[in-house]
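Coordinates from query.cif are shown below (mmCIF, C-alpha atoms).
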```
data_coords
#
loop_
_atom_site.label_atom_id
_atom_site.label_comp_id
_atom_site.auth_asym_id
_atom_site.auth_seq_id
_atom_site.Cartn_x
_atom_site.Cartn_y
_atom_site.Cartn_z
CA MET A 1 -4.82 131.57 69.77
CA LYS A 2 -4.68 131.83 66.01
CA GLU A 3 -2.88 128.51 65.77
CA LYS A 4 -5.56 126.82 67.85
CA ILE A 5 -8.37 127.98 65.59
CA ASN A 6 -6.47 126.79 62.58
CA PHE A 7 -6.00 123.41 64.08
CA LEU A 8 -9.71 123.16 64.98
CA GLU A 9 -10.54 123.81 61.35
CA SER A 10 -7.90 121.60 59.83
CA ARG A 11 -8.69 118.32 58.11
CA LEU A 12 -6.71 116.45 60.69
CA TYR A 13 -8.71 117.71 63.64
CA PRO A 14 -11.77 115.38 63.26
CA VAL A 15 -9.43 112.39 63.19
CA PHE A 16 -7.54 113.66 66.17
CA PHE A 17 -10.80 114.35 68.01
CA MET A 18 -12.23 110.89 67.37
CA VAL A 19 -9.01 109.20 68.44
CA ILE A 20 -8.94 111.10 71.71
CA LEU A 21 -12.68 110.58 72.31
CA SER A 22 -12.38 106.84 71.59
CA ALA A 23 -9.38 106.53 73.86
CA ILE A 24 -11.11 108.24 76.77
CA LEU A 25 -14.46 106.47 76.46
CA THR A 26 -12.93 103.05 75.83
CA LEU A 27 -10.63 103.47 78.78
CA ILE A 28 -13.52 104.29 81.11
CA LEU A 29 -15.54 101.37 79.75
CA ALA A 30 -12.64 98.96 80.11
CA PHE A 31 -12.14 100.13 83.65
CA SER A 32 -15.86 99.77 84.54
CA TYR A 33 -15.91 96.36 82.90
CA GLN A 34 -12.98 95.25 85.03
CA LEU A 35 -14.69 96.61 88.13
CA SER A 36 -17.97 94.83 87.45
CA LYS A 37 -16.47 91.65 85.97
CA GLY A 38 -16.11 89.90 89.30
CA ARG A 39 -19.69 90.60 90.29
CA VAL A 40 -21.11 89.62 86.90
CA GLU A 41 -19.20 86.33 86.91
CA MET A 42 -20.19 85.67 90.48
CA TYR A 43 -23.86 86.10 89.59
CA GLN A 44 -23.55 83.85 86.56
CA GLU A 45 -21.83 81.19 88.64
CA LEU A 46 -24.37 81.57 91.42
CA ARG A 47 -27.27 81.34 89.00
CA LEU A 48 -25.86 78.16 87.46
CA GLN A 49 -25.33 76.63 90.90
CA ILE A 50 -28.86 77.50 92.03
CA ASN A 51 -30.34 76.12 88.82
CA LEU A 52 -28.37 72.89 89.14
CA LEU A 53 -29.16 72.43 92.81
CA SER A 54 -32.85 73.22 92.46
CA LEU A 55 -33.16 70.38 89.95
CA PHE A 56 -32.41 68.04 92.85
CA LYS A 57 -34.33 69.94 95.49
CA SER A 58 -36.14 66.86 96.74
CA GLU A 59 -32.89 64.96 97.25
CA ILE A 60 -30.97 67.68 99.05
CA PRO A 61 -32.20 68.00 102.63
CA GLU A 62 -30.37 71.30 103.20
CA LEU A 63 -32.13 72.93 100.27
CA ASN A 64 -35.59 74.45 100.43
CA ASP A 65 -37.36 77.42 98.85
CA GLU A 66 -36.14 79.75 101.56
CA VAL A 67 -32.49 78.86 101.03
CA ILE A 68 -32.94 79.31 97.29
CA LYS A 69 -34.61 82.67 97.81
CA GLU A 70 -31.85 83.79 100.16
CA ASN A 71 -29.41 83.43 97.29
CA ASN A 72 -26.36 83.25 99.54
CA PRO A 73 -23.25 82.58 97.40
CA GLU A 74 -21.42 80.83 100.23
CA THR A 75 -24.21 78.38 101.03
CA MET A 76 -24.77 77.63 97.37
CA ASN A 77 -21.09 77.10 96.75
CA LYS A 78 -20.91 74.69 99.67
CA LEU A 79 -23.93 72.71 98.51
CA TYR A 80 -22.68 72.72 94.94
CA SER A 81 -19.30 71.26 95.87
CA LYS A 82 -20.98 68.69 98.07
CA TYR A 83 -23.45 67.36 95.53
CA LEU A 84 -22.31 68.21 92.02
CA VAL A 85 -19.31 67.35 89.90
CA SER A 86 -18.56 69.05 86.63
CA LYS A 87 -17.43 66.75 83.80
CA THR A 88 -16.70 66.89 80.09
CA LEU A 89 -17.45 64.36 77.38
CA GLU A 90 -14.59 62.30 75.93
CA ASN A 91 -15.51 63.08 72.34
CA ARG A 92 -16.48 66.70 73.06
CA PRO A 93 -14.02 68.14 75.56
CA ASP A 94 -15.69 71.55 75.36
CA TYR A 95 -19.10 70.23 76.42
CA GLN A 96 -19.57 70.53 80.16
CA TYR A 97 -22.15 68.41 81.98
CA PHE A 98 -22.74 67.62 85.64
CA GLU A 99 -23.11 64.57 87.82
CA PHE A 100 -25.28 64.57 90.90
CA VAL A 101 -23.44 62.66 93.62
CA ASP A 102 -25.17 61.68 96.82
CA LYS A 103 -23.21 59.75 99.48
CA GLY A 104 -20.59 58.68 96.98
CA ASN A 105 -23.05 57.42 94.35
CA THR A 106 -23.82 59.15 91.11
CA SER A 107 -27.59 59.16 90.84
CA GLY A 108 -28.18 61.54 87.97
CA TYR A 109 -26.75 63.66 85.18
CA VAL A 110 -27.47 67.22 84.17
CA PHE A 111 -26.97 68.18 80.55
CA PRO A 112 -27.11 71.66 79.03
CA VAL A 113 -29.42 71.42 76.03
CA SER A 114 -30.59 73.93 73.46
CA ALA A 115 -33.87 74.20 71.60
CA LYS A 116 -35.00 76.31 68.66
CA GLY A 117 -37.90 78.44 69.88
CA LEU A 118 -40.08 80.86 67.93
CA TRP A 119 -37.76 83.85 68.31
CA SER A 120 -34.78 82.60 70.19
CA THR A 121 -32.52 79.72 71.00
CA ILE A 122 -33.74 78.41 74.32
CA LYS A 123 -31.06 77.07 76.64
CA LEU A 124 -31.98 74.71 79.41
CA LEU A 125 -30.62 72.15 81.82
CA VAL A 126 -32.04 68.65 81.77
CA ALA A 127 -31.55 66.25 84.68
CA ILE A 128 -31.91 62.56 83.97
CA ASP A 129 -31.15 59.39 85.93
CA THR A 130 -27.97 57.45 85.19
CA GLU A 131 -29.90 54.78 83.25
CA PHE A 132 -31.53 57.43 81.05
CA ASP A 133 -34.90 55.99 81.99
CA LYS A 134 -36.64 59.09 83.17
CA TYR A 135 -36.27 62.82 83.51
CA LEU A 136 -35.48 64.14 86.96
CA GLY A 137 -36.34 67.70 85.97
CA ILE A 138 -35.70 70.53 83.57
CA LYS A 139 -34.70 74.13 84.12
CA ILE A 140 -34.90 76.86 81.46
CA ILE A 141 -31.86 79.11 81.69
CA ILE A 142 -32.02 81.48 78.75
CA GLN A 143 -34.97 82.22 76.50
CA GLY A 144 -36.19 85.15 74.43
CA GLU A 145 -39.73 84.04 73.60
CA THR A 146 -42.78 86.35 73.51
CA PRO A 147 -43.35 87.67 77.04
CA GLY A 148 -46.66 86.40 78.35
CA LEU A 149 -46.91 83.65 75.73
CA GLY A 150 -43.83 81.62 74.84
CA ALA A 151 -41.91 83.04 77.77
CA ARG A 152 -44.30 81.17 80.05
CA ILE A 153 -42.11 78.09 79.49
CA THR A 154 -40.20 79.43 82.49
CA GLU A 155 -43.25 79.02 84.74
CA ASN A 156 -42.74 76.32 87.34
CA TRP A 157 -45.82 74.24 86.50
CA PHE A 158 -44.64 73.84 82.93
CA GLN A 159 -41.11 72.79 83.84
CA GLU A 160 -42.19 70.55 86.71
CA GLN A 161 -44.31 68.43 84.35
CA PHE A 162 -41.18 66.82 82.97
CA THR A 163 -40.08 65.38 86.30
CA GLY A 164 -40.67 61.64 86.29
CA LYS A 165 -41.60 61.40 82.61
CA GLY A 166 -39.95 58.50 80.77
CA PHE A 167 -37.12 59.06 78.31
CA ARG A 168 -36.00 55.58 77.25
CA GLN A 169 -37.98 52.41 76.75
CA ILE A 170 -36.85 48.86 76.00
CA ASP A 171 -37.35 49.32 72.26
CA GLY A 172 -36.16 52.87 71.80
CA PHE A 173 -37.01 56.34 72.98
CA ASN A 174 -40.19 57.56 74.48
CA LYS A 175 -41.87 60.43 72.62
CA LEU A 176 -43.60 63.02 74.75
CA GLN A 177 -46.79 64.53 73.38
CA LEU A 178 -48.39 67.90 73.89
CA ILE A 179 -51.99 68.36 74.90
CA GLU A 180 -54.10 71.45 75.63
CA GLU A 181 -53.19 73.55 78.64
CA ASN A 182 -56.24 72.67 80.73
CA GLY A 183 -56.37 69.01 79.71
CA ASN A 184 -55.69 65.95 81.81
CA PRO A 185 -52.22 64.64 80.95
CA LYS A 186 -51.43 60.92 80.80
CA ALA A 187 -48.00 59.41 81.44
CA ASP A 188 -46.38 60.55 78.19
CA GLN A 189 -48.18 63.84 77.85
CA ILE A 190 -47.18 67.38 78.60
CA LEU A 191 -49.61 70.28 78.92
CA GLN A 192 -48.66 72.88 76.36
CA ILE A 193 -48.86 76.61 76.82
CA THR A 194 -51.92 78.16 75.19
CA GLY A 195 -50.92 80.36 72.30
CA ALA A 196 -47.32 79.15 72.38
CA THR A 197 -47.33 75.80 70.63
CA VAL A 198 -44.00 76.48 68.93
CA SER A 199 -42.14 77.21 72.16
CA SER A 200 -43.69 74.23 73.95
CA LYS A 201 -42.88 71.91 71.06
CA ALA A 202 -39.36 73.31 70.83
CA ILE A 203 -38.57 72.32 74.39
CA ILE A 204 -39.72 68.74 73.89
CA SER A 205 -37.99 68.18 70.57
CA GLY A 206 -34.83 70.00 71.69
CA ILE A 207 -34.48 67.87 74.78
CA GLN A 208 -35.23 64.63 72.98
CA HIS A 209 -32.91 65.38 70.08
CA ASP A 210 -29.92 66.33 72.23
CA LEU A 211 -30.36 63.59 74.80
CA GLU A 212 -30.76 60.88 72.17
CA ILE A 213 -27.44 61.89 70.63
CA LEU A 214 -25.74 62.06 74.01
CA TYR A 215 -27.11 58.69 74.98
CA LYS A 216 -26.19 56.97 71.73
CA GLN A 217 -22.71 58.47 71.54
CA ASN A 218 -21.58 58.56 75.10
CA PHE A 219 -23.69 56.62 77.53
CA SER A 220 -25.29 53.61 75.83
CA SER A 221 -22.18 51.48 75.39
CA ALA A 222 -21.43 51.58 79.08
CA LYS A 223 -24.90 50.28 79.73
CA VAL A 224 -24.90 47.57 77.04
CA ASN A 225 -21.49 46.18 77.92
CA MET B 1 -36.93 129.61 78.25
CA ASN B 2 -36.55 128.62 81.87
CA LYS B 3 -35.72 125.12 83.05
CA LYS B 4 -39.31 124.20 83.83
CA GLN B 5 -40.46 125.25 80.38
CA ILE B 6 -37.69 123.23 78.75
CA PHE B 7 -38.79 120.18 80.68
CA ILE B 8 -42.49 120.59 79.90
CA GLN B 9 -41.80 121.26 76.27
CA SER B 10 -39.63 118.22 75.70
CA ALA B 11 -41.78 115.89 77.83
CA PHE B 12 -45.26 116.95 76.77
CA THR B 13 -45.82 119.69 74.22
CA GLU B 14 -43.18 118.27 71.93
CA ASN B 15 -43.29 114.70 73.15
CA ALA B 16 -40.92 112.69 71.00
CA ILE B 17 -43.35 109.84 70.42
CA TRP B 18 -46.66 111.50 69.78
CA THR B 19 -45.52 114.66 68.03
CA GLN B 20 -42.31 113.54 66.36
CA ILE B 21 -43.00 109.80 66.02
CA LEU B 22 -39.49 109.00 67.19
CA GLY B 23 -38.40 106.01 69.25
CA ILE B 24 -41.45 103.96 68.37
CA CYS B 25 -39.56 100.69 67.69
CA SER B 26 -38.86 100.15 71.35
CA ALA B 27 -42.27 101.54 72.27
CA LEU B 28 -43.69 98.64 70.29
CA ALA B 29 -41.24 96.03 71.54
CA VAL B 30 -41.19 96.31 75.31
CA THR B 31 -44.70 97.49 76.11
CA ASN B 32 -46.49 94.25 76.86
CA GLN B 33 -45.47 94.38 80.49
CA MET B 34 -45.29 97.49 82.63
CA LYS B 35 -42.19 96.40 84.53
CA ASN B 36 -40.13 96.06 81.36
CA SER B 37 -41.44 99.39 80.11
CA LEU B 38 -40.45 101.13 83.32
CA VAL B 39 -36.91 99.76 83.38
CA MET B 40 -36.50 100.52 79.70
CA GLY B 41 -37.79 104.05 80.37
CA LEU B 42 -35.38 104.56 83.24
CA GLY B 43 -32.50 103.35 81.06
CA VAL B 44 -33.47 105.83 78.36
CA ILE B 45 -33.84 108.71 80.86
CA PHE B 46 -30.39 107.98 82.30
CA THR B 47 -28.79 107.69 78.88
CA LEU B 48 -30.52 110.83 77.60
CA ALA B 49 -29.64 112.93 80.63
CA LEU B 50 -25.95 112.07 80.68
CA SER B 51 -25.31 111.89 76.96
CA MET B 52 -27.04 115.24 76.39
CA PHE B 53 -24.96 116.77 79.18
CA THR B 54 -21.74 115.37 77.72
CA ILE B 55 -22.53 116.26 74.12
CA SER B 56 -23.47 119.80 75.12
CA ALA B 57 -20.39 120.20 77.34
CA ILE B 58 -18.01 119.38 74.50
CA ARG B 59 -20.16 120.82 71.70
CA SER B 60 -17.66 123.49 70.77
CA LEU B 61 -14.96 120.82 70.37
CA ILE B 62 -16.96 118.34 68.29
CA PRO B 63 -16.02 118.84 64.61
CA SER B 64 -19.24 119.23 62.61
CA ARG B 65 -18.17 116.70 59.99
CA VAL B 66 -17.97 113.86 62.49
CA ARG B 67 -20.53 115.11 64.98
CA MET B 68 -23.03 112.29 64.41
CA MET B 69 -20.31 109.72 64.86
CA ALA B 70 -19.15 111.36 68.05
CA GLN B 71 -22.71 111.62 69.37
CA THR B 72 -23.44 107.95 68.68
CA PHE B 73 -20.21 107.05 70.39
CA ILE B 74 -21.11 108.99 73.52
CA ILE B 75 -24.64 107.56 73.56
CA ALA B 76 -23.32 104.00 73.14
CA PHE B 77 -20.86 104.63 75.93
CA TYR B 78 -23.63 105.41 78.43
CA VAL B 79 -25.80 102.55 77.23
CA ILE B 80 -22.97 100.08 77.83
CA LEU B 81 -22.56 101.57 81.29
CA VAL B 82 -26.29 100.98 81.96
CA ASP B 83 -25.95 97.44 80.68
CA LEU B 84 -22.92 96.74 82.88
CA PHE B 85 -24.68 98.23 85.89
CA LEU B 86 -27.78 96.08 85.37
CA LYS B 87 -25.67 92.95 84.87
CA ALA B 88 -23.65 93.57 88.02
CA PHE B 89 -26.31 94.88 90.39
CA LEU B 90 -29.74 93.92 89.02
CA PRO B 91 -29.00 90.62 87.27
CA ASP B 92 -32.62 89.47 87.25
CA ILE B 93 -33.89 92.53 85.45
CA SER B 94 -30.90 92.43 83.14
CA GLN B 95 -31.78 88.86 82.20
CA GLU B 96 -35.39 89.78 81.60
CA LEU B 97 -34.65 92.76 79.37
CA GLY B 98 -32.00 90.84 77.49
CA PRO B 99 -31.05 92.54 74.24
CA TYR B 100 -33.44 95.48 74.72
CA VAL B 101 -30.92 97.46 76.80
CA GLY B 102 -28.38 97.43 74.00
CA LEU B 103 -31.12 98.66 71.69
CA ILE B 104 -31.33 101.96 73.58
CA ILE B 105 -28.39 102.99 71.39
CA THR B 106 -30.63 102.88 68.35
CA ASN B 107 -33.40 104.92 69.98
CA CYS B 108 -33.90 107.86 67.64
CA ILE B 109 -35.08 110.14 70.44
CA ILE B 110 -31.55 110.34 71.83
CA MET B 111 -29.98 111.22 68.51
CA GLY B 112 -32.88 113.59 67.82
CA ARG B 113 -32.43 115.52 71.06
CA ALA B 114 -28.66 115.64 70.57
CA GLU B 115 -29.04 117.20 67.14
CA ALA B 116 -31.97 119.46 67.93
CA PHE B 117 -31.05 120.70 71.39
CA ALA B 118 -27.75 119.65 72.94
CA THR B 119 -25.60 120.99 70.12
CA LYS B 120 -27.04 124.50 70.66
CA ASN B 121 -27.67 124.83 74.40
CA THR B 122 -25.84 124.76 77.71
CA PRO B 123 -25.05 121.43 79.40
CA LEU B 124 -27.55 121.88 82.23
CA ASP B 125 -30.40 122.89 79.92
CA SER B 126 -29.55 119.98 77.63
CA MET B 127 -29.63 117.59 80.54
CA ILE B 128 -33.07 118.85 81.58
CA ASP B 129 -34.24 118.58 77.99
CA GLY B 130 -32.91 115.01 77.92
CA ILE B 131 -34.66 114.08 81.15
CA GLY B 132 -37.87 115.66 79.84
CA ALA B 133 -37.73 113.72 76.58
CA GLY B 134 -37.01 110.54 78.56
CA VAL B 135 -39.91 111.14 80.93
CA GLY B 136 -42.24 111.80 77.99
CA TYR B 137 -41.07 108.58 76.36
CA THR B 138 -41.48 106.58 79.57
CA LEU B 139 -44.95 108.00 80.06
CA VAL B 140 -46.08 106.80 76.64
CA LEU B 141 -44.53 103.38 77.26
CA LEU B 142 -46.34 103.11 80.57
CA ILE B 143 -49.70 104.15 79.09
CA ILE B 144 -49.44 101.58 76.32
CA SER B 145 -48.12 98.82 78.55
CA PHE B 146 -50.84 99.52 81.11
CA ILE B 147 -53.52 98.87 78.50
CA ARG B 148 -51.70 95.87 77.06
CA GLU B 149 -50.95 94.27 80.39
CA ILE B 150 -54.41 94.73 81.85
CA PHE B 151 -56.18 93.32 78.77
CA GLY B 152 -53.52 90.76 77.92
CA PHE B 153 -52.77 89.42 81.39
CA GLY B 154 -55.36 90.99 83.69
CA ALA B 155 -52.43 92.37 85.66
CA ILE B 156 -50.64 95.62 86.54
CA PHE B 157 -46.88 95.47 87.11
CA GLY B 158 -47.20 91.68 87.26
CA TYR B 159 -49.81 91.75 90.03
CA GLN B 160 -52.99 89.99 89.07
CA VAL B 161 -55.83 92.50 89.44
CA LEU B 162 -58.51 90.85 87.34
CA GLY B 163 -59.54 87.41 88.52
CA ASN B 164 -59.71 84.11 86.68
CA TRP B 165 -62.98 85.13 85.06
CA TRP B 166 -61.01 87.46 82.83
CA THR B 167 -60.39 86.07 79.35
CA ARG B 168 -56.93 87.22 78.33
CA TRP B 169 -56.68 88.94 74.99
CA SER B 170 -53.73 87.28 73.28
CA ILE B 171 -53.61 90.05 70.69
CA MET B 172 -52.67 92.52 73.44
CA VAL B 173 -49.59 90.49 74.28
CA MET B 174 -48.43 90.30 70.69
CA ALA B 175 -46.72 93.15 68.83
CA PRO B 176 -49.66 94.17 66.57
CA SER B 177 -51.67 95.57 69.49
CA ALA B 178 -48.93 98.09 70.16
CA PHE B 179 -49.33 99.40 66.62
CA PHE B 180 -53.05 100.01 67.14
CA LEU B 181 -52.66 101.51 70.60
CA LEU B 182 -49.81 103.78 69.60
CA ALA B 183 -51.73 104.96 66.55
CA MET B 184 -54.79 105.66 68.69
CA LEU B 185 -52.72 107.57 71.22
CA ILE B 186 -51.17 109.71 68.49
CA TRP B 187 -54.65 110.27 67.06
CA ILE B 188 -56.06 111.42 70.40
CA MET B 189 -53.14 113.74 71.06
CA GLU B 190 -53.45 115.20 67.57
CA ILE B 191 -57.17 115.91 68.05
CA ARG B 192 -56.43 117.62 71.35
CA LYS B 193 -53.74 119.71 69.77
CA ARG B 194 -56.01 120.84 66.94
CA LYS B 195 -58.83 121.72 69.30
CA LYS B 196 -56.47 123.83 71.37
CA GLY B 197 -54.64 125.33 68.44
#
```
Would it be possible to restate this file's structure as structure tokens?
Amino acid sequence: MKEKINFLESRLYPVFFMVILSAILTLILAFSYQLSKGRVEMYQELRLQINLLSLFKSEIPELNDEVIKENNPETMNKLYSKYLVSKTLENRPDYQYFEFVDKGNTSGYVFPVSAKGLWSTIKLLVAIDTEFDKYLGIKIIIQGETPGLGARITENWFQEQFTGKGFRQIDGFNKLQLIEENGNPKADQILQITGATVSSKAIISGIQHDLEILYKQNFSSAKVN
Amino acid sequence: MNKKQIFIQSAFTENAIWTQILGICSALAVTNQMKNSLVMGLGVIFTLALSMFTISAIRSLIPSRVRMMAQTFIIAFYVILVDLFLKAFLPDISQELGPYVGLIITNCIIMGRAEAFATKNTPLDSMIDGIGAGVGYTLVLLIISFIREIFGFGAIFGYQVLGNWWTRWSIMVMAPSAFFLLAMLIWIMEIRKRKKG
């Protein structure tokens, strides 16, 4: 007993204690991480698949709001392998993008794009036709903007506005403009979110910046030649 | 003190936010929507309950020189567990709360209760004290977020209760409103205390 008390008071004991405590806690965490890893990855994969597929909702007859809501991994996986192909760029092998293939023809691309918002880096998927003429849709994946203001960029009406808007013109790139939320948008105009001009602007400039680079570097030559 | 008294004391009479002004960073950050406040509150209650229990259970073994380090470690351990759980089972909420869950580690209430109570009391009492402090914290979050959400969005828990005629107060959605509301709440509670005392 005497020895034990001495050890508890020795200079070495705090070190010993922390080592043991770290070992136990880290072991439990590592174990829980391993246990949940499969589920977490499955959800991430599923979320990506749903986001990609919902960009082409109108072209996929098997997909409707109910199927999306059901969230069934098997159905989504099946649809994903039927309609989407994952690719990488020649000059950027770490950049993954997707091709939408319907009946053997590629009819659109999906590119992950990032934009600098007010508080956060916004990540989104942008679908565009193979000629880069017009947007087929956008889908915000990750954002950390002000809830209730900037975070409203995730609302459907805001994202759906991009569908059908022009990206490329004969003499260059089309610039989208923002107008007030309850205005009447023309062909090149997007309704912005009231009180969140920075986030709305960020989406537009982020998409245009990234897509212009992608087009110039990777997709324009194929078209010109 | 019996268990009920411990609970009432740590949740109300010595509420961490309005009497000790602890944990106000997150009270300011997540209170513009009630749903986020509730999940944040539940995360804090869970972390408080289990970390207080653990800290108290091994209190005689924790060397006093490294006790803060050990306490932080135990708190962080439970927070990571909460984070993993949300990611694996409630991915939507996890996505919505984003970095806030990790920030539970820095919530001063947890460290405060560990130092003030768990290091001196039995595991069960400490756990009840932790739950009480967590409930008190959640209550304040819900009061503030109720006011902010109803004025800022015309909604409660995301359900629109005020119609389109309602002009949303943008200030309520932004961080500054939480400063005013929290200050007013502390003011009201202080007046009550003085009247009683």
Which residues, protein or nucleic acid, reach to within 9 Å of (-38.5, 122.9, 72.9) in the file's coordinates when using all atoms listed in the file, and can you give that as a CSV table (one decimal) with C-alpha atoms, keeping the file's coordinate frame?
```
chain,number,residue,atom,x,y,z
B,1,MET,CA,-36.9,129.6,78.2
B,5,GLN,CA,-40.5,125.2,80.4
B,6,ILE,CA,-37.7,123.2,78.8
B,7,PHE,CA,-38.8,120.2,80.7
B,8,ILE,CA,-42.5,120.6,79.9
B,9,GLN,CA,-41.8,121.3,76.3
B,10,SER,CA,-39.6,118.2,75.7
B,13,THR,CA,-45.8,119.7,74.2
B,14,GLU,CA,-43.2,118.3,71.9
B,116,ALA,CA,-32.0,119.5,67.9
B,117,PHE,CA,-31.0,120.7,71.4
B,129,ASP,CA,-34.2,118.6,78.0
```
Using only C-alpha atoms and a cut-off of 6 Å, which residues of chain A sit close to chain B? Please list them as a list in words.
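My answer is Pro14, Ser36, Arg39 and Val40 of chain A.
A straight line drawn from CA of Cys108 in chain B to CA of Asn15 in chain B is 12.9 Å long.
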Using the chain letters and residue numbers of this document, give as a ChimeraX atom specification the residues selected by the PyMOL selection byres ((chain A and resi 138) around 6).
/A:125-126,137,139,159
CA of Phe173 in chain A and CA of Ser220 in chain A, how far apart in Å?
12.4 Å
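The set of protein, DNA and RNA residues with any counted atom at most 9 Å from (-44.5, 62.3, 80.1) (only C-alpha atoms) reads Tyr135, Gln161, Phe162, Thr163, Gly164, Lys165, Gly166, Phe167, Asn174, Lys175, Leu176, Gln177, Pro185, Lys186, Ala187, Asp188, Gln189 and Ile190 of chain A.
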Please report the interatomic distance between CA of Met68 in chain B and CA of Ile55 in chain B in Å with one decimal.
10.5 Å
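Residue nearest Lys78 in chain A within the list A:Glu181, A:Glu212, A:Glu90, A:Glu62: A:Glu62 [criterion: smallest interatomic distance, all atoms listed in the file].
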Answer key for the PyMOL selection byres ((chain B and resi 103) around 10), residues as number ranges by chain
B: 25-26, 40, 76, 79, 98-102, 104-107
Starting from the PyMOL selection byres ((chain B and resi 158) around 9), expand the selection into actual residues of this file and give them as a ChimeraX atom specification.
/B:33-35,149,153-157,159-161
Please provide the set of residues having any atom within 12 Å of Gly195 in chain A, restricted to all atoms listed in the file, with same-chain residues fewer than 6 positions apart removed, written as a list of chain:residue names.
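So, after excluding close chain neighbours, the residues are A:Leu118, A:Glu145, A:Thr146, A:Pro147, A:Gly148, A:Leu149, A:Gly150, A:Ala151, A:Arg152, A:Ile153, A:Glu180, A:Glu181, A:Lys201, B:Arg168, B:Trp169, B:Ser170, B:Ile171, B:Val173, B:Met174.
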Could the centre and edge lengths of an axis-aligned box, enclosing all atoms of range 118-135 of chain A in the file with 4 Å extra on each side, be given in Å to one decimal as AutoDock Vina command-line options?
```
--center_x -34.0 --center_y 69.3 --center_z 76.9 --size_x 20.1 --size_y 37.1 --size_z 26.0
```
Measuring between all atoms listed in the file, which one of A:Ala23, A:Ile207, A:Met42, A:Leu214 shows the shortest distance to Lys123 in chain A?
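Smallest distance to Lys123 in chain A is found for A:Ile207.
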Write out as a list of chain:residue names the residues lying within 10 Å of Leu53 in chain A, counting only C-alpha atoms and excluding same-chain residues fewer than 5 positions away.
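What passes the distance filter is A:Arg47, A:Leu48, A:Ser58, A:Glu59, A:Ile60, A:Leu63, A:Ile68, A:Met76, A:Leu79, A:Tyr80, A:Tyr83, A:Leu84, A:Phe100.
Distances from B:Leu139, B:Ile131, B:Leu42, B:Ile109 to Ala16 in chain B were compared using only C-alpha atoms, and the smallest one belongs to B:Ile109.
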Residue nearest Leu181 in chain B among B:Phe12, B:Trp166, B:Phe146, B:Tyr137 (counting all atoms listed in the file)
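The shortest atom-to-atom distance to Leu181 in chain B comes from B:Phe146.
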